Amino acid sequence: MKSFLKNMFLVVCSIVVVILLTLILDRVLGHAIPKPFPEGTHDLIFPPLSHQEFASVDFTYVVETNSLGIRDREVEKPKKADHYRIIAVGDSYTYGWGVNIEDTWLRRLEQRISLNGRTVETVNLGKPGTGPPFYAEITRTVVPLLEPDLILVGILQGNDIASSGAEGLEQVGSGLIRWTRLLYPNFVRTVEMMQLSRSLEKRTQERPPEKTTAEDNARWSANTAKEFYEKMTAEEKERFAQLDTEVKQAFFDGMLNPYMIDLALKNKHIYTLTLKPEDPWIQQCIGNMAKALQIIKSVANQSGARVAVVSIPDGPYVNEVAWKNIQRVGFDVVPEMLTSEAPDKVIQMACEKAGMPCFTVSEAFRERRQEPDLFFTLDGHLTAKGHQLLAETLAPKLQKWLNEK
């Protein structure tokens with residue numbers, strides 16, 4: 001019996017020693033293992049190295065993507081030790097629909113954040129027409145690759161609550177994976193990078209870079225508008241006929257986003273839905289958004305990054321001119337939209353569920369609610385001036401939070 005206990009003790013001690021040695025090896029050698037990075041060009045979000053020109057009744061602008069298929073500059077790999085990298089996920093209001101990349105709120109923010117001599121750099125991961133499920137998925141993909149210090153999640157008032165579907169919101173990792181990551185972070189990180197490299201190899205862009213002119217994109221929009229019109233119900237065509245002449249002409253000429261008009265005809269109440277946080281459907285959307293944010297927070301924690309949400313102001317909630325203009329394209333509005341706290345509150349409720357800070361800037365926009373040039377007239381997105389106001393308002397709040405941390 002004594003011999004058996006002695007042998008068991010030796011076995012347990014051996015196991016403990018092996019585990020300790022592997023833990024030490026992971027810490028000592030983990031950072032020395034080069035992190036694989038895929039060569040070539042890849043379509044992480046958009047076709048890489050593309051050049052597109054856009055024009056509408058409200059704006060003209062140019063979009064260029066880097067070798068990773070991101071609308072931004074080339075990203076240095078690996079990140080320099082003296083750089084503080086901020087990435088932002090979001091929809092077209094983060095991407096910068098209608099403005100050049102230098103005029104987006106994220107690039108403006110880059111110029112206003114100071115961190116003890118470190119060079120602040122930003123990477124724009126916005127994609128038009130997406131919502132929180134996409135924000136979670138793209139974060140899973142790019143964080144191990146880009147190694148950010150801070151992740152900003154741009155949540156658009158109203159729209160992102162409505163688009164917070166439950167699809168693609170599986171939680172990250174099982175309990176075993178989480179414990180393995182905790183014990184062997186460098187080993188797990190290396191394996192994940194190798195998996196990501198293989199995944200990107202399958203998404204390698206081999207065809208020539210895309211180049212389209214403003215005329216090409218206007219022609220595509222006009223064809224899409226024609227298809228939408230042909231599929232409209234009798235009721236939708238009747239409502240479309242009531243729109244003013246400028247809107248209808250821009251729609252058919254490809255000079256106005258056809259998807260916006262289609263949405264207005266199919267769901268004209270979408271801007272007023274957010275005003276009722278207690279509504280069961282809105283509560284479900286808040287819960288779904290919180291799940292997406294929890295995934296992003298989990299990925300951030302795994303990489304040692306901080307994460308925060310920015311509530312992006314949408315014109316009809318903060319600007320009288322935009323509130324009037326959105327009616328011209330077919331949406332319903334009510335006066336309390338311009339004073340209600342609900343558009344920010346529902347986002348804050350999702351953030352509270354996810355245990356994540358939320359920064360709002362609505363007060364600055366409402367102080368200038370009568371200014372006509374913060375949002376595009378018919379398109380509704382932030383203008384360059386609107387992006388600048390967002391960055392100016394957000395920067396001191398974010399700076400204070402970073403200093404406290």
# chains A, B, ... in the order shown; residues from 1 in each chain; ligands from 1

$ residues_around --residues "A:Gly304" --least-positions-apart "3" --cutoff "12 Å" --atoms "only C-alpha atoms" --output "list in words"
Val143, Pro144, Glu147, Pro148, Asp149, Leu150, Ile151, Leu182, Pro185, Arg189, Lys297, Ser298, Val299, Ala300, Asn301 and Val307 of chain A

$ residues_around --residues "A:Gln388" --least-positions-apart "3" --cutoff "6 Å" --atoms "only C-alpha atoms" --output "compact mmCIF listing (two decimals) with C-alpha atoms, in the first residue's frame"
# COMPACT_ATOMS: atom_id res chain seq x y z
CA TRP A 105 -14.25 60.51 -37.77
CA LYS A 385 -18.04 68.53 -41.13
CA ALA A 391 -14.22 63.31 -33.56

$ residues_around --residues "stretch 217-233 of chain A" --least-positions-apart "4" --cutoff "9 Å" --atoms "only C-alpha atoms" --output "MDAnalysis selection string"
chainID A and resid 52:56 212:213 237:238 240 250:259 261:262 265

$ closest_residue --among "A:Ala350, A:Leu293, A:Leu275, A:Ala364" --to "A:Thr393" --atoms "only C-alpha atoms"
A:Ala364

$ closest_residue --among "A:Ile347, A:Leu152, A:Leu398, A:Ile86" --to "A:Met289" --atoms "only C-alpha atoms"
A:Ile347

$ select_by_dssp --residues "stretch 86-324 of chain A" --states "alpha helix (DSSP H)" --output "PDB file with C-alpha atoms, in the first residue's frame"
ATOM      1  CA  SER A  92     -21.186  53.018 -43.454  1.00  0.00           C
ATOM      2  CA  TYR A  93     -21.018  55.785 -40.813  1.00  0.00           C
ATOM      3  CA  THR A  94     -17.667  54.372 -39.637  1.00  0.00           C
ATOM      4  CA  TYR A  95     -16.530  53.471 -43.164  1.00  0.00           C
ATOM      5  CA  TRP A 105     -14.248  60.506 -37.766  1.00  0.00           C
ATOM      6  CA  LEU A 106     -11.744  57.733 -37.061  1.00  0.00           C
ATOM      7  CA  ARG A 107      -8.914  59.414 -38.985  1.00  0.00           C
ATOM      8  CA  ARG A 108      -9.803  62.751 -37.370  1.00  0.00           C
ATOM      9  CA  LEU A 109      -9.726  61.047 -33.972  1.00  0.00           C
ATOM     10  CA  GLU A 110      -6.228  59.756 -34.678  1.00  0.00           C
ATOM     11  CA  PRO A 132     -23.514  43.984 -34.958  1.00  0.00           C
ATOM     12  CA  PRO A 133     -23.290  40.317 -36.104  1.00  0.00           C
ATOM     13  CA  PHE A 134     -20.766  41.377 -38.765  1.00  0.00           C
ATOM     14  CA  TYR A 135     -18.888  43.551 -36.259  1.00  0.00           C
ATOM     15  CA  ALA A 136     -18.407  40.481 -34.059  1.00  0.00           C
ATOM     16  CA  GLU A 137     -17.331  38.266 -36.967  1.00  0.00           C
ATOM     17  CA  ILE A 138     -14.808  40.689 -38.462  1.00  0.00           C
ATOM     18  CA  THR A 139     -13.355  41.314 -34.991  1.00  0.00           C
ATOM     19  CA  ARG A 140     -12.768  37.583 -34.577  1.00  0.00           C
ATOM     20  CA  THR A 141     -10.860  37.574 -37.854  1.00  0.00           C
ATOM     21  CA  VAL A 142      -8.755  40.711 -37.703  1.00  0.00           C
ATOM     22  CA  VAL A 143      -7.774  41.100 -34.044  1.00  0.00           C
ATOM     23  CA  PRO A 144      -5.195  38.266 -34.024  1.00  0.00           C
ATOM     24  CA  LEU A 145      -3.890  39.664 -37.307  1.00  0.00           C
ATOM     25  CA  LEU A 146      -3.720  43.389 -36.514  1.00  0.00           C
ATOM     26  CA  ASN A 159     -30.410  51.219 -37.442  1.00  0.00           C
ATOM     27  CA  ASP A 160     -27.965  48.965 -35.594  1.00  0.00           C
ATOM     28  CA  ILE A 161     -30.550  48.013 -32.974  1.00  0.00           C
ATOM     29  CA  ALA A 162     -32.961  46.994 -35.725  1.00  0.00           C
ATOM     30  CA  GLY A 175     -14.610  25.970 -21.516  1.00  0.00           C
ATOM     31  CA  LEU A 176     -11.656  23.731 -22.436  1.00  0.00           C
ATOM     32  CA  ILE A 177     -10.478  26.207 -25.088  1.00  0.00           C
ATOM     33  CA  ARG A 178     -10.767  29.092 -22.635  1.00  0.00           C
ATOM     34  CA  TRP A 179      -8.706  27.255 -20.009  1.00  0.00           C
ATOM     35  CA  THR A 180      -6.107  26.274 -22.598  1.00  0.00           C
ATOM     36  CA  ARG A 181      -5.907  29.883 -23.732  1.00  0.00           C
ATOM     37  CA  LEU A 182      -5.458  31.003 -20.126  1.00  0.00           C
ATOM     38  CA  LEU A 183      -2.676  28.515 -19.430  1.00  0.00           C
ATOM     39  CA  PRO A 185      -1.734  32.012 -24.381  1.00  0.00           C
ATOM     40  CA  ASN A 186       1.256  32.150 -26.724  1.00  0.00           C
ATOM     41  CA  PHE A 187       0.773  28.618 -28.007  1.00  0.00           C
ATOM     42  CA  VAL A 188      -2.938  29.187 -28.647  1.00  0.00           C
ATOM     43  CA  ARG A 189      -2.216  32.532 -30.327  1.00  0.00           C
ATOM     44  CA  THR A 190       0.307  30.895 -32.659  1.00  0.00           C
ATOM     45  CA  VAL A 191      -2.130  28.129 -33.596  1.00  0.00           C
ATOM     46  CA  GLU A 192      -4.873  30.691 -34.265  1.00  0.00           C
ATOM     47  CA  MET A 193      -2.565  32.733 -36.475  1.00  0.00           C
ATOM     48  CA  MET A 194      -1.665  29.641 -38.472  1.00  0.00           C
ATOM     49  CA  GLN A 195      -5.367  28.846 -38.914  1.00  0.00           C
ATOM     50  CA  LEU A 196      -6.025  32.431 -39.965  1.00  0.00           C
ATOM     51  CA  SER A 197      -3.190  32.291 -42.487  1.00  0.00           C
ATOM     52  CA  ARG A 198      -4.666  29.167 -44.062  1.00  0.00           C
ATOM     53  CA  SER A 199      -8.095  30.807 -44.128  1.00  0.00           C
ATOM     54  CA  LEU A 200      -6.720  33.895 -45.844  1.00  0.00           C
ATOM     55  CA  GLU A 201      -4.869  31.792 -48.389  1.00  0.00           C
ATOM     56  CA  LYS A 202      -8.279  30.566 -49.562  1.00  0.00           C
ATOM     57  CA  ALA A 214     -18.364  57.285 -60.895  1.00  0.00           C
ATOM     58  CA  GLU A 215     -20.242  56.622 -64.129  1.00  0.00           C
ATOM     59  CA  ASP A 216     -19.864  52.845 -63.663  1.00  0.00           C
ATOM     60  CA  ASN A 217     -21.275  52.991 -60.146  1.00  0.00           C
ATOM     61  CA  ALA A 218     -24.096  55.347 -61.166  1.00  0.00           C
ATOM     62  CA  ARG A 219     -25.032  52.945 -63.944  1.00  0.00           C
ATOM     63  CA  TRP A 220     -25.086  50.034 -61.478  1.00  0.00           C
ATOM     64  CA  SER A 221     -27.249  52.038 -59.028  1.00  0.00           C
ATOM     65  CA  ALA A 222     -29.646  52.998 -61.828  1.00  0.00           C
ATOM     66  CA  ASN A 223     -30.041  49.347 -62.869  1.00  0.00           C
ATOM     67  CA  THR A 224     -30.631  48.364 -59.234  1.00  0.00           C
ATOM     68  CA  ALA A 225     -33.223  51.138 -58.871  1.00  0.00           C
ATOM     69  CA  LYS A 226     -35.015  49.916 -61.982  1.00  0.00           C
ATOM     70  CA  GLU A 227     -35.117  46.354 -60.612  1.00  0.00           C
ATOM     71  CA  PHE A 228     -36.453  47.599 -57.269  1.00  0.00           C
ATOM     72  CA  TYR A 229     -39.166  49.632 -58.986  1.00  0.00           C
ATOM     73  CA  GLU A 230     -40.305  46.697 -61.119  1.00  0.00           C
ATOM     74  CA  LYS A 231     -40.678  44.549 -57.978  1.00  0.00           C
ATOM     75  CA  ALA A 234     -48.979  48.533 -55.929  1.00  0.00           C
ATOM     76  CA  GLU A 235     -48.982  50.170 -52.501  1.00  0.00           C
ATOM     77  CA  GLU A 236     -45.225  50.811 -52.640  1.00  0.00           C
ATOM     78  CA  LYS A 237     -45.496  52.349 -56.125  1.00  0.00           C
ATOM     79  CA  GLU A 238     -48.263  54.605 -54.874  1.00  0.00           C
ATOM     80  CA  ARG A 239     -46.090  55.807 -52.009  1.00  0.00           C
ATOM     81  CA  PHE A 240     -43.113  56.179 -54.351  1.00  0.00           C
ATOM     82  CA  ALA A 241     -45.205  58.397 -56.635  1.00  0.00           C
ATOM     83  CA  THR A 245     -39.510  64.999 -58.181  1.00  0.00           C
ATOM     84  CA  GLU A 246     -35.841  65.476 -57.241  1.00  0.00           C
ATOM     85  CA  VAL A 247     -35.807  62.276 -55.168  1.00  0.00           C
ATOM     86  CA  LYS A 248     -37.486  60.178 -57.851  1.00  0.00           C
ATOM     87  CA  GLN A 249     -35.209  61.512 -60.586  1.00  0.00           C
ATOM     88  CA  ALA A 250     -32.054  60.896 -58.514  1.00  0.00           C
ATOM     89  CA  PHE A 251     -33.285  57.366 -57.762  1.00  0.00           C
ATOM     90  CA  PHE A 252     -33.714  56.440 -61.435  1.00  0.00           C
ATOM     91  CA  PRO A 258     -31.526  52.741 -54.148  1.00  0.00           C
ATOM     92  CA  TYR A 259     -31.420  50.590 -51.014  1.00  0.00           C
ATOM     93  CA  MET A 260     -32.409  53.570 -48.864  1.00  0.00           C
ATOM     94  CA  ILE A 261     -35.523  54.209 -50.957  1.00  0.00           C
ATOM     95  CA  ASP A 262     -36.356  50.494 -50.951  1.00  0.00           C
ATOM     96  CA  LEU A 263     -36.060  50.402 -47.150  1.00  0.00           C
ATOM     97  CA  ALA A 264     -38.261  53.493 -46.773  1.00  0.00           C
ATOM     98  CA  LEU A 265     -40.997  51.948 -48.891  1.00  0.00           C
ATOM     99  CA  LYS A 266     -40.871  48.622 -47.064  1.00  0.00           C
ATOM    100  CA  ILE A 270     -37.857  52.181 -38.849  1.00  0.00           C
ATOM    101  CA  TYR A 271     -36.665  55.472 -37.313  1.00  0.00           C
ATOM    102  CA  THR A 272     -39.420  55.549 -34.702  1.00  0.00           C
ATOM    103  CA  LEU A 273     -39.024  51.954 -33.500  1.00  0.00           C
ATOM    104  CA  PRO A 280     -40.511  43.384 -26.403  1.00  0.00           C
ATOM    105  CA  TRP A 281     -39.000  43.358 -29.892  1.00  0.00           C
ATOM    106  CA  ILE A 282     -36.598  46.179 -29.038  1.00  0.00           C
ATOM    107  CA  GLN A 283     -35.677  44.349 -25.843  1.00  0.00           C
ATOM    108  CA  GLN A 284     -34.851  41.277 -27.928  1.00  0.00           C
ATOM    109  CA  CYS A 285     -32.724  43.414 -30.257  1.00  0.00           C
ATOM    110  CA  ILE A 286     -30.893  44.881 -27.260  1.00  0.00           C
ATOM    111  CA  GLY A 287     -30.135  41.372 -26.043  1.00  0.00           C
ATOM    112  CA  ASN A 288     -28.883  40.330 -29.484  1.00  0.00           C
ATOM    113  CA  MET A 289     -26.643  43.389 -29.681  1.00  0.00           C
ATOM    114  CA  ALA A 290     -25.261  42.589 -26.227  1.00  0.00           C
ATOM    115  CA  LYS A 291     -24.339  39.093 -27.451  1.00  0.00           C
ATOM    116  CA  ALA A 292     -22.386  40.568 -30.352  1.00  0.00           C
ATOM    117  CA  LEU A 293     -20.628  42.991 -28.015  1.00  0.00           C
ATOM    118  CA  GLN A 294     -19.788  40.161 -25.600  1.00  0.00           C
ATOM    119  CA  ILE A 295     -18.078  38.292 -28.437  1.00  0.00           C
ATOM    120  CA  ILE A 296     -16.050  41.388 -29.303  1.00  0.00           C
ATOM    121  CA  LYS A 297     -15.149  41.861 -25.627  1.00  0.00           C
ATOM    122  CA  SER A 298     -14.045  38.237 -25.354  1.00  0.00           C
ATOM    123  CA  VAL A 299     -11.803  38.566 -28.406  1.00  0.00           C
ATOM    124  CA  ALA A 300     -10.388  41.822 -27.022  1.00  0.00           C
ATOM    125  CA  ASN A 301      -9.630  40.227 -23.655  1.00  0.00           C
ATOM    126  CA  GLN A 302      -7.847  37.339 -25.340  1.00  0.00           C
ATOM    127  CA  SER A 303      -5.566  39.739 -27.191  1.00  0.00           C
ATOM    128  CA  GLY A 315     -29.369  62.850 -38.413  1.00  0.00           C
ATOM    129  CA  PRO A 316     -33.115  62.480 -37.719  1.00  0.00           C
ATOM    130  CA  TYR A 317     -32.387  62.088 -33.981  1.00  0.00           C
ATOM    131  CA  VAL A 318     -30.068  65.056 -33.562  1.00  0.00           C
ATOM    132  CA  GLU A 320     -33.723  69.410 -37.456  1.00  0.00           C
ATOM    133  CA  VAL A 321     -32.630  69.736 -41.080  1.00  0.00           C
ATOM    134  CA  ALA A 322     -31.883  66.012 -41.366  1.00  0.00           C
ATOM    135  CA  TRP A 323     -35.171  65.253 -39.584  1.00  0.00           C
ATOM    136  CA  LYS A 324     -37.049  67.146 -42.301  1.00  0.00           C
TER     137      LYS A 324
END

$ closest_residue --among "A:Lys400, A:Arg328, A:Lys353, A:Lys345" --to "A:Ile155" --atoms "only C-alpha atoms"
A:Lys345

$ closest_residue --among "A:Ser50, A:Gln157, A:Gln370, A:Asn66" --to "A:Leu125" --atoms "only C-alpha atoms"
A:Asn66

$ select_by_dssp --residues "stretch 257-377 of chain A" --states "strand (DSSP E)" --output "PyMOL selection string"
chain A and resi 306-312+358-360

$ atom_distance --atom1 "atom CA of A:Arg366" --atom2 "atom CA of A:Leu338"
7.8 Å
